[in-house]
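The data block below is structure-v9.cif; it holds mmCIF, C-alpha atoms.
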```
data_data
loop_
_atom_site.group_PDB
_atom_site.id
_atom_site.type_symbol
_atom_site.label_atom_id
_atom_site.label_comp_id
_atom_site.auth_asym_id
_atom_site.auth_seq_id
_atom_site.Cartn_x
_atom_site.Cartn_y
_atom_site.Cartn_z
ATOM 1 C CA MET A 340 104.545 85.069 82.639
ATOM 2 C CA ALA A 341 106.075 88.459 83.380
ATOM 3 C CA SER A 342 109.470 89.893 84.192
ATOM 4 C CA VAL A 343 109.005 91.912 87.388
ATOM 5 C CA LEU A 344 111.222 94.396 89.219
ATOM 6 C CA VAL A 345 110.408 94.744 92.918
ATOM 7 C CA VAL A 346 111.669 97.988 94.478
ATOM 8 C CA GLU A 347 111.224 97.606 98.238
ATOM 9 C CA ASP A 348 113.613 98.330 101.129
ATOM 10 C CA ASP A 349 111.717 96.372 103.799
ATOM 11 C CA GLN A 350 113.395 92.969 103.683
ATOM 12 C CA PHE A 351 110.368 91.112 105.075
ATOM 13 C CA VAL A 352 107.953 92.616 102.543
ATOM 14 C CA ARG A 353 110.502 92.212 99.762
ATOM 15 C CA SER A 354 111.042 88.520 100.495
ATOM 16 C CA ALA A 355 107.296 87.883 100.647
ATOM 17 C CA LEU A 356 106.756 89.590 97.278
ATOM 18 C CA ILE A 357 109.624 87.682 95.663
ATOM 19 C CA ARG A 358 108.307 84.373 97.005
ATOM 20 C CA HIS A 359 104.748 85.031 95.839
ATOM 21 C CA LEU A 360 105.737 86.259 92.382
ATOM 22 C CA THR A 361 108.199 83.404 91.869
ATOM 23 C CA GLU A 362 105.562 80.847 92.883
ATOM 24 C CA ALA A 363 103.303 82.436 90.254
ATOM 25 C CA SER A 364 106.038 81.657 87.664
ATOM 26 C CA HIS A 365 107.136 85.282 87.188
ATOM 27 C CA THR A 366 110.802 86.178 86.722
ATOM 28 C CA VAL A 367 111.752 88.498 89.573
ATOM 29 C CA ARG A 368 114.617 90.868 90.258
ATOM 30 C CA SER A 369 114.620 93.037 93.364
ATOM 31 C CA VAL A 370 116.415 96.094 94.735
ATOM 32 C CA GLY A 371 116.117 98.205 97.858
ATOM 33 C CA THR A 372 116.903 101.717 96.597
ATOM 34 C CA ALA A 373 115.739 104.100 93.890
ATOM 35 C CA LEU A 374 119.180 104.395 92.275
ATOM 36 C CA GLU A 375 119.473 100.624 92.020
ATOM 37 C CA ALA A 376 116.017 100.560 90.404
ATOM 38 C CA LEU A 377 117.093 103.088 87.784
ATOM 39 C CA ARG A 378 120.190 101.025 86.978
ATOM 40 C CA GLU A 379 118.112 97.864 86.667
ATOM 41 C CA VAL A 380 115.613 99.480 84.293
ATOM 42 C CA ALA A 381 118.448 100.910 82.214
ATOM 43 C CA HIS A 382 120.059 97.485 81.756
ATOM 44 C CA PHE A 383 117.184 94.997 81.758
ATOM 45 C CA ARG A 384 113.741 94.788 80.189
ATOM 46 C CA PHE A 385 110.825 94.443 82.611
ATOM 47 C CA ASP A 386 107.113 93.973 82.034
ATOM 48 C CA VAL A 387 106.130 95.698 85.264
ATOM 49 C CA VAL A 388 107.743 97.505 88.211
ATOM 50 C CA ILE A 389 106.342 97.334 91.759
ATOM 51 C CA LEU A 390 107.604 100.515 93.425
ATOM 52 C CA ASP A 391 107.592 101.288 97.144
ATOM 53 C CA LEU A 392 107.470 104.988 98.047
ATOM 54 C CA GLY A 393 109.406 104.883 101.323
ATOM 55 C CA LEU A 394 112.876 104.251 99.905
ATOM 56 C CA PRO A 395 116.023 105.123 101.903
ATOM 57 C CA ASP A 396 117.848 107.161 99.247
ATOM 58 C CA LEU A 397 115.060 108.870 97.340
ATOM 59 C CA ASP A 398 111.314 109.174 97.781
ATOM 60 C CA GLY A 399 109.504 106.778 95.468
ATOM 61 C CA SER A 400 107.497 109.596 93.902
ATOM 62 C CA GLU A 401 110.743 111.187 92.699
ATOM 63 C CA ALA A 402 111.979 107.799 91.562
ATOM 64 C CA LEU A 403 108.766 107.426 89.540
ATOM 65 C CA LYS A 404 109.459 110.686 87.693
ATOM 66 C CA MET A 405 112.993 109.555 86.928
ATOM 67 C CA LEU A 406 111.763 106.160 85.722
ATOM 68 C CA ARG A 407 109.290 107.863 83.425
ATOM 69 C CA GLY A 408 112.180 109.790 81.905
ATOM 70 C CA ILE A 409 113.778 106.606 80.599
ATOM 71 C CA THR A 410 111.007 104.028 80.189
ATOM 72 C CA ASP A 411 107.283 103.471 79.673
ATOM 73 C CA VAL A 412 107.290 100.211 81.666
ATOM 74 C CA PRO A 413 104.045 99.889 83.691
ATOM 75 C CA VAL A 414 104.573 100.925 87.320
ATOM 76 C CA ILE A 415 102.403 99.820 90.241
ATOM 77 C CA ILE A 416 102.937 101.943 93.342
ATOM 78 C CA ALA A 417 102.946 100.089 96.682
ATOM 79 C CA THR A 418 102.374 102.634 99.429
ATOM 80 C CA ALA A 419 101.117 103.050 102.964
ATOM 81 C CA ARG A 420 99.930 106.532 102.011
ATOM 82 C CA ASP A 421 96.202 106.726 101.382
ATOM 83 C CA ASP A 422 95.810 110.478 100.906
ATOM 84 C CA GLU A 423 93.704 111.143 97.799
ATOM 85 C CA THR A 424 95.799 114.142 96.755
ATOM 86 C CA GLU A 425 98.938 112.032 96.928
ATOM 87 C CA ILE A 426 97.364 109.249 94.886
ATOM 88 C CA VAL A 427 96.209 111.690 92.190
ATOM 89 C CA ARG A 428 99.704 113.176 92.058
ATOM 90 C CA LEU A 429 101.227 109.733 91.581
ATOM 91 C CA LEU A 430 98.854 108.947 88.719
ATOM 92 C CA ASN A 431 99.605 112.365 87.310
ATOM 93 C CA ASP A 432 103.334 111.596 87.473
ATOM 94 C CA GLY A 433 102.914 108.432 85.413
ATOM 95 C CA ALA A 434 101.940 105.573 87.730
ATOM 96 C CA ASP A 435 99.737 102.966 86.062
ATOM 97 C CA ASP A 436 98.136 101.774 89.289
ATOM 98 C CA TYR A 437 98.616 101.808 93.045
ATOM 99 C CA LEU A 438 98.090 99.559 96.045
ATOM 100 C CA THR A 439 97.712 100.742 99.623
ATOM 101 C CA LYS A 440 99.604 98.705 102.213
ATOM 102 C CA PRO A 441 98.840 96.271 103.682
ATOM 103 C CA PHE A 442 97.498 94.366 100.685
ATOM 104 C CA SER A 443 96.950 90.691 99.984
ATOM 105 C CA VAL A 444 98.904 88.723 97.415
ATOM 106 C CA GLU A 445 95.600 88.046 95.638
ATOM 107 C CA HIS A 446 94.979 91.781 95.317
ATOM 108 C CA LEU A 447 98.484 92.323 93.948
ATOM 109 C CA SER A 448 98.000 89.481 91.451
ATOM 110 C CA ALA A 449 94.734 90.970 90.197
ATOM 111 C CA ARG A 450 96.238 94.437 89.780
ATOM 112 C CA MET A 451 99.307 93.052 88.015
ATOM 113 C CA ALA A 452 97.162 90.990 85.651
ATOM 114 C CA ALA A 453 95.075 94.045 84.750
ATOM 115 C CA VAL A 454 98.113 96.255 84.128
ATOM 116 C CA LEU A 455 99.874 93.594 82.062
ATOM 117 C CA ARG A 456 96.706 92.897 80.070
ATOM 118 C CA ARG A 457 96.331 96.576 79.191
ATOM 119 C CA SER A 458 100.010 96.933 78.340
ATOM 120 C CA ARG A 459 100.153 93.853 76.123
ATOM 121 C CA SER A 460 96.871 94.637 74.426
ATOM 122 C CA SER A 461 98.096 98.116 73.577
ATOM 123 C CA ALA A 462 101.430 96.774 72.299
ATOM 124 C CA GLY A 463 99.753 94.063 70.243
ATOM 125 C CA GLU A 464 97.245 96.235 68.470
ATOM 126 C CA ALA A 465 98.026 97.345 64.934
ATOM 127 C CA PRO A 466 97.776 101.154 65.022
ATOM 128 C CA PRO A 467 96.242 103.153 62.179
ATOM 129 C CA SER A 468 98.767 103.665 59.393
ATOM 130 C CA ARG A 469 97.646 107.167 58.447
ATOM 131 C CA LEU A 470 98.437 110.521 59.958
ATOM 132 C CA ILE A 471 95.565 111.937 62.022
ATOM 133 C CA GLN A 472 95.045 115.683 61.636
ATOM 134 C CA VAL A 473 92.609 117.713 63.746
ATOM 135 C CA GLY A 474 93.104 121.464 63.541
ATOM 136 C CA GLY A 475 96.736 122.153 64.457
ATOM 137 C CA LEU A 476 97.047 118.740 66.090
ATOM 138 C CA SER A 477 98.930 116.089 64.107
ATOM 139 C CA ILE A 478 99.305 112.480 65.280
ATOM 140 C CA ASP A 479 101.415 109.730 63.716
ATOM 141 C CA PRO A 480 100.155 106.444 65.261
ATOM 142 C CA LEU A 481 102.906 104.299 63.717
ATOM 143 C CA ARG A 482 105.766 106.422 65.058
ATOM 144 C CA ARG A 483 103.773 107.275 68.183
ATOM 145 C CA GLN A 484 104.505 110.947 67.737
ATOM 146 C CA ALA A 485 102.215 113.934 68.128
ATOM 147 C CA GLN A 486 102.635 117.613 67.299
ATOM 148 C CA LEU A 487 100.649 120.724 68.084
ATOM 149 C CA ASP A 488 101.111 123.577 65.638
ATOM 150 C CA GLY A 489 104.391 122.018 64.509
ATOM 151 C CA THR A 490 105.814 121.544 68.000
ATOM 152 C CA GLY A 491 106.337 118.018 69.317
ATOM 153 C CA LEU A 492 104.325 116.897 72.337
ATOM 154 C CA ASP A 493 106.043 114.931 75.092
ATOM 155 C CA LEU A 494 103.359 112.362 75.960
ATOM 156 C CA THR A 495 103.329 109.261 78.130
ATOM 157 C CA ARG A 496 102.113 105.991 76.641
ATOM 158 C CA ARG A 497 98.654 106.363 78.143
ATOM 159 C CA GLU A 498 98.348 110.038 77.174
ATOM 160 C CA PHE A 499 99.232 109.203 73.577
ATOM 161 C CA ASP A 500 96.715 106.352 73.439
ATOM 162 C CA LEU A 501 93.960 108.560 74.882
ATOM 163 C CA LEU A 502 94.713 111.451 72.547
ATOM 164 C CA THR A 503 94.880 109.177 69.486
ATOM 165 C CA PHE A 504 91.608 107.453 70.352
ATOM 166 C CA LEU A 505 89.749 110.755 70.736
ATOM 167 C CA ALA A 506 91.410 112.391 67.699
ATOM 168 C CA GLY A 507 90.335 109.453 65.559
ATOM 169 C CA ARG A 508 86.722 110.417 66.367
ATOM 170 C CA PRO A 509 86.740 114.233 66.072
ATOM 171 C CA GLY A 510 83.570 115.899 67.291
ATOM 172 C CA VAL A 511 82.176 112.634 68.669
ATOM 173 C CA VAL A 512 81.303 112.506 72.365
ATOM 174 C CA VAL A 513 82.932 109.335 73.721
ATOM 175 C CA PRO A 514 81.407 107.936 76.943
ATOM 176 C CA ARG A 515 83.814 107.406 79.823
ATOM 177 C CA LYS A 516 82.894 103.718 79.897
ATOM 178 C CA GLU A 517 84.092 103.405 76.312
ATOM 179 C CA LEU A 518 87.344 105.188 77.132
ATOM 180 C CA LEU A 519 87.991 102.758 79.974
ATOM 181 C CA ALA A 520 87.248 99.800 77.712
ATOM 182 C CA GLU A 521 89.222 100.945 74.661
ATOM 183 C CA VAL A 522 92.150 102.893 76.150
ATOM 184 C CA TRP A 523 92.580 101.225 79.538
ATOM 185 C CA GLN A 524 91.178 97.803 78.527
ATOM 186 C CA GLN A 525 88.946 97.809 81.604
ATOM 187 C CA SER A 526 85.231 97.068 81.809
ATOM 188 C CA TYR A 527 84.971 99.243 84.903
ATOM 189 C CA GLY A 528 87.148 101.673 86.825
ATOM 190 C CA ASP A 529 87.485 105.005 88.580
ATOM 191 C CA ASP A 530 86.575 108.122 86.602
ATOM 192 C CA GLN A 531 89.384 109.841 88.497
ATOM 193 C CA THR A 532 91.897 107.983 86.339
ATOM 194 C CA ILE A 533 90.405 109.513 83.197
ATOM 195 C CA ASP A 534 90.201 112.959 84.798
ATOM 196 C CA VAL A 535 93.868 112.849 85.782
ATOM 197 C CA HIS A 536 95.019 111.941 82.279
ATOM 198 C CA LEU A 537 92.715 114.503 80.669
ATOM 199 C CA SER A 538 94.073 117.173 83.006
ATOM 200 C CA TRP A 539 97.630 116.225 82.085
ATOM 201 C CA LEU A 540 96.804 116.235 78.375
ATOM 202 C CA ARG A 541 95.148 119.644 78.630
ATOM 203 C CA ARG A 542 98.274 121.155 80.157
ATOM 204 C CA LYS A 543 100.387 119.806 77.314
ATOM 205 C CA LEU A 544 97.877 121.114 74.768
ATOM 206 C CA GLY A 545 98.003 124.553 76.404
ATOM 207 C CA GLU A 546 94.428 124.596 77.645
ATOM 208 C CA THR A 547 92.361 124.132 80.795
ATOM 209 C CA ALA A 548 89.017 122.563 81.633
ATOM 210 C CA ALA A 549 87.595 126.054 82.119
ATOM 211 C CA ARG A 550 88.995 127.252 78.773
ATOM 212 C CA PRO A 551 89.180 124.199 76.486
ATOM 213 C CA ARG A 552 90.479 124.325 72.932
ATOM 214 C CA TYR A 553 90.551 120.694 71.796
ATOM 215 C CA LEU A 554 89.323 118.597 74.727
ATOM 216 C CA HIS A 555 85.751 119.149 75.864
ATOM 217 C CA THR A 556 84.082 117.343 78.770
ATOM 218 C CA LEU A 557 80.316 117.030 78.773
ATOM 219 C CA ARG A 558 79.368 116.381 82.390
ATOM 220 C CA GLY A 559 77.587 113.082 82.811
ATOM 221 C CA VAL A 560 77.982 112.240 79.112
ATOM 222 C CA GLY A 561 81.601 111.899 78.032
ATOM 223 C CA VAL A 562 84.549 113.567 76.303
ATOM 224 C CA LYS A 563 85.120 114.834 72.792
ATOM 225 C CA LEU A 564 88.039 116.244 70.842
ATOM 226 C CA GLU A 565 87.436 118.776 68.099
ATOM 227 C CA PRO A 566 89.421 121.551 66.401
ATOM 228 C CA PRO A 567 89.238 124.950 68.083
ATOM 229 C CA ASP A 568 87.104 127.717 66.635
ATOM 230 C CA GLY A 569 88.939 129.607 63.935
ATOM 231 C CA SER A 570 90.867 126.639 62.542
ATOM 232 C CA PRO A 571 91.487 126.839 58.768
ATOM 233 C CA PRO A 572 88.449 125.566 56.824
ATOM 234 C CA GLY A 573 90.372 122.569 55.547
ATOM 235 C CA GLN A 574 91.059 121.470 59.111
ATOM 236 C CA GLN A 575 87.664 121.992 60.689
ATOM 237 C CA GLN A 576 87.045 118.247 60.491
ATOM 238 C CA GLY A 577 89.601 115.690 61.581
ATOM 239 C CA ARG A 578 91.038 113.713 58.689
ATOM 240 C CA GLN A 579 93.494 110.948 58.044
ATOM 241 C CA ARG A 580 95.932 111.135 55.201
#
```
Take the structure in the file and write it out as structure tokens.
Amino acid sequence: MASVLVVEDDQFVRSALIRHLTEASHTVRSVGTALEALREVAHFRFDVVILDLGLPDLDGSEALKMLRGITDVPVIIATARDDETEIVRLLNDGADDYLTKPFSVEHLSARMAAVLRRSRSSAGEAPPSRLIQVGGLSIDPLRRQAQLDGTGLDLTRREFDLLTFLAGRPGVVVPRKELLAEVWQQSYGDDQTIDVHLSWLRRKLGETAARPRYLHTLRGVGVKLEPPDGSPPGQQQGRQR
């Protein structure tokens, strides 16, 4: 079972979530403000955070950014906002999933199970022991560190997993279905999730979809990572050492 932090200021909703999660044998702590949530995460280990956006002291989207500055704990957004732009921004800011209020306890349970399954699968896998080098991109799977032309990249957990998976197959077009299965541990899902993370990765790699250097999307086919034109001959093909 999981250790869950519920961040919700509505006492009725909060009590219902605590009751449901406790009945499902989860360990639950709860707070009603963003600052309390940050203190909790700083002092206790959680498997997942359920974060409301309409908090009294700080908007949940800002709280999400602050959480991401101190932890990679999976975060499920619980929001009454159903604007697509807002949802994309939340995913872009590091949310692992979202639920639009009102939602059923069964729906919450399914989303939590999926997020926890992906998180635990990723943590339990034995990463490659060798350094992955593609052009000026260097990835150390064991230390979970990546550099571009000698400069460290500040990547989220999911960004690192996606980049490592693609870099381990340089020049190979990977279907989106395979990315969902291998990186997100899902047999199906929304392509928008992949697009958001690719967009975020491109910014950190100093490129755009219109002017790619490493990440190339083949519409209707998949995604590939390869060294940019003009890389030193010894780095034209990705290698592990």
Selected by the PyMOL selection byres ((chain A and resi 533) around 12) in the shown coordinates: which residues, as a PyMOL selection string? chain A and resi 427+430-431+435+497-498+501-502+514-520+522-523+525+527-532+534-540+556+561-562
To one decimal in Å, tell me the separation between CA of Val444 in chain A and CA of Leu394 in chain A. 21.0 Å
Translate the PyMOL selection byres ((chain A and resi 543) around 12) into a concrete residue list for this structure, as a PyMOL selection string. chain A and resi 476+485-487+490-495+498-499+502+536-542+544-547+552-554
Exactly which residues make up the result of the PyMOL selection byres ((chain A and resi 399) around 10) on this file, given as a PyMOL selection string? chain A and resi 346-347+372-373+390-398+400-405+416-418+429
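As for CA of Ala355 in chain A and CA of Phe383 in chain A, they are spaced 22.5 Å apart.
Distances to Leu447 in chain A were evaluated for A:Val370, A:Gly489, A:Ala376, A:Ile415 using all atoms listed in the file, and the minimum falls at A:Ile415.
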Just checking: using all atoms listed in the file, which residue out of A:Ile471, A:Val512, A:Phe504, A:Leu356 ends up closest to Gly559 in chain A?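 Going through A:Ile471, A:Val512, A:Phe504, A:Leu356 one by one, the smallest distance to Gly559 in chain A is for A:Val512.
The coordinates place CA of Arg496 in chain A at 6.5 Å from CA of Asp411 in chain A.
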Find, counting only C-alpha atoms, the residue in A:Val343, A:Val513, A:Leu505, A:Ala381 that gets nearest to Leu455 in chain A.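 Closest to Leu455 in chain A, using only C-alpha atoms: A:Val343.
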Counting only C-alpha atoms, what is within 12 Å of Glu445 in chain A, bar same-chain residues fewer than 4 positions away, as a list in words? Leu356, His359, Leu360, Ala363, Leu438, Pro441, Ala449, Arg450, Met451 and Ala452 of chain A
Tell me which of A:Ala549, A:Leu344, A:Val560, A:Ala453 sits closest to His365 in chain A, counting all atoms listed in the file. A:Leu344
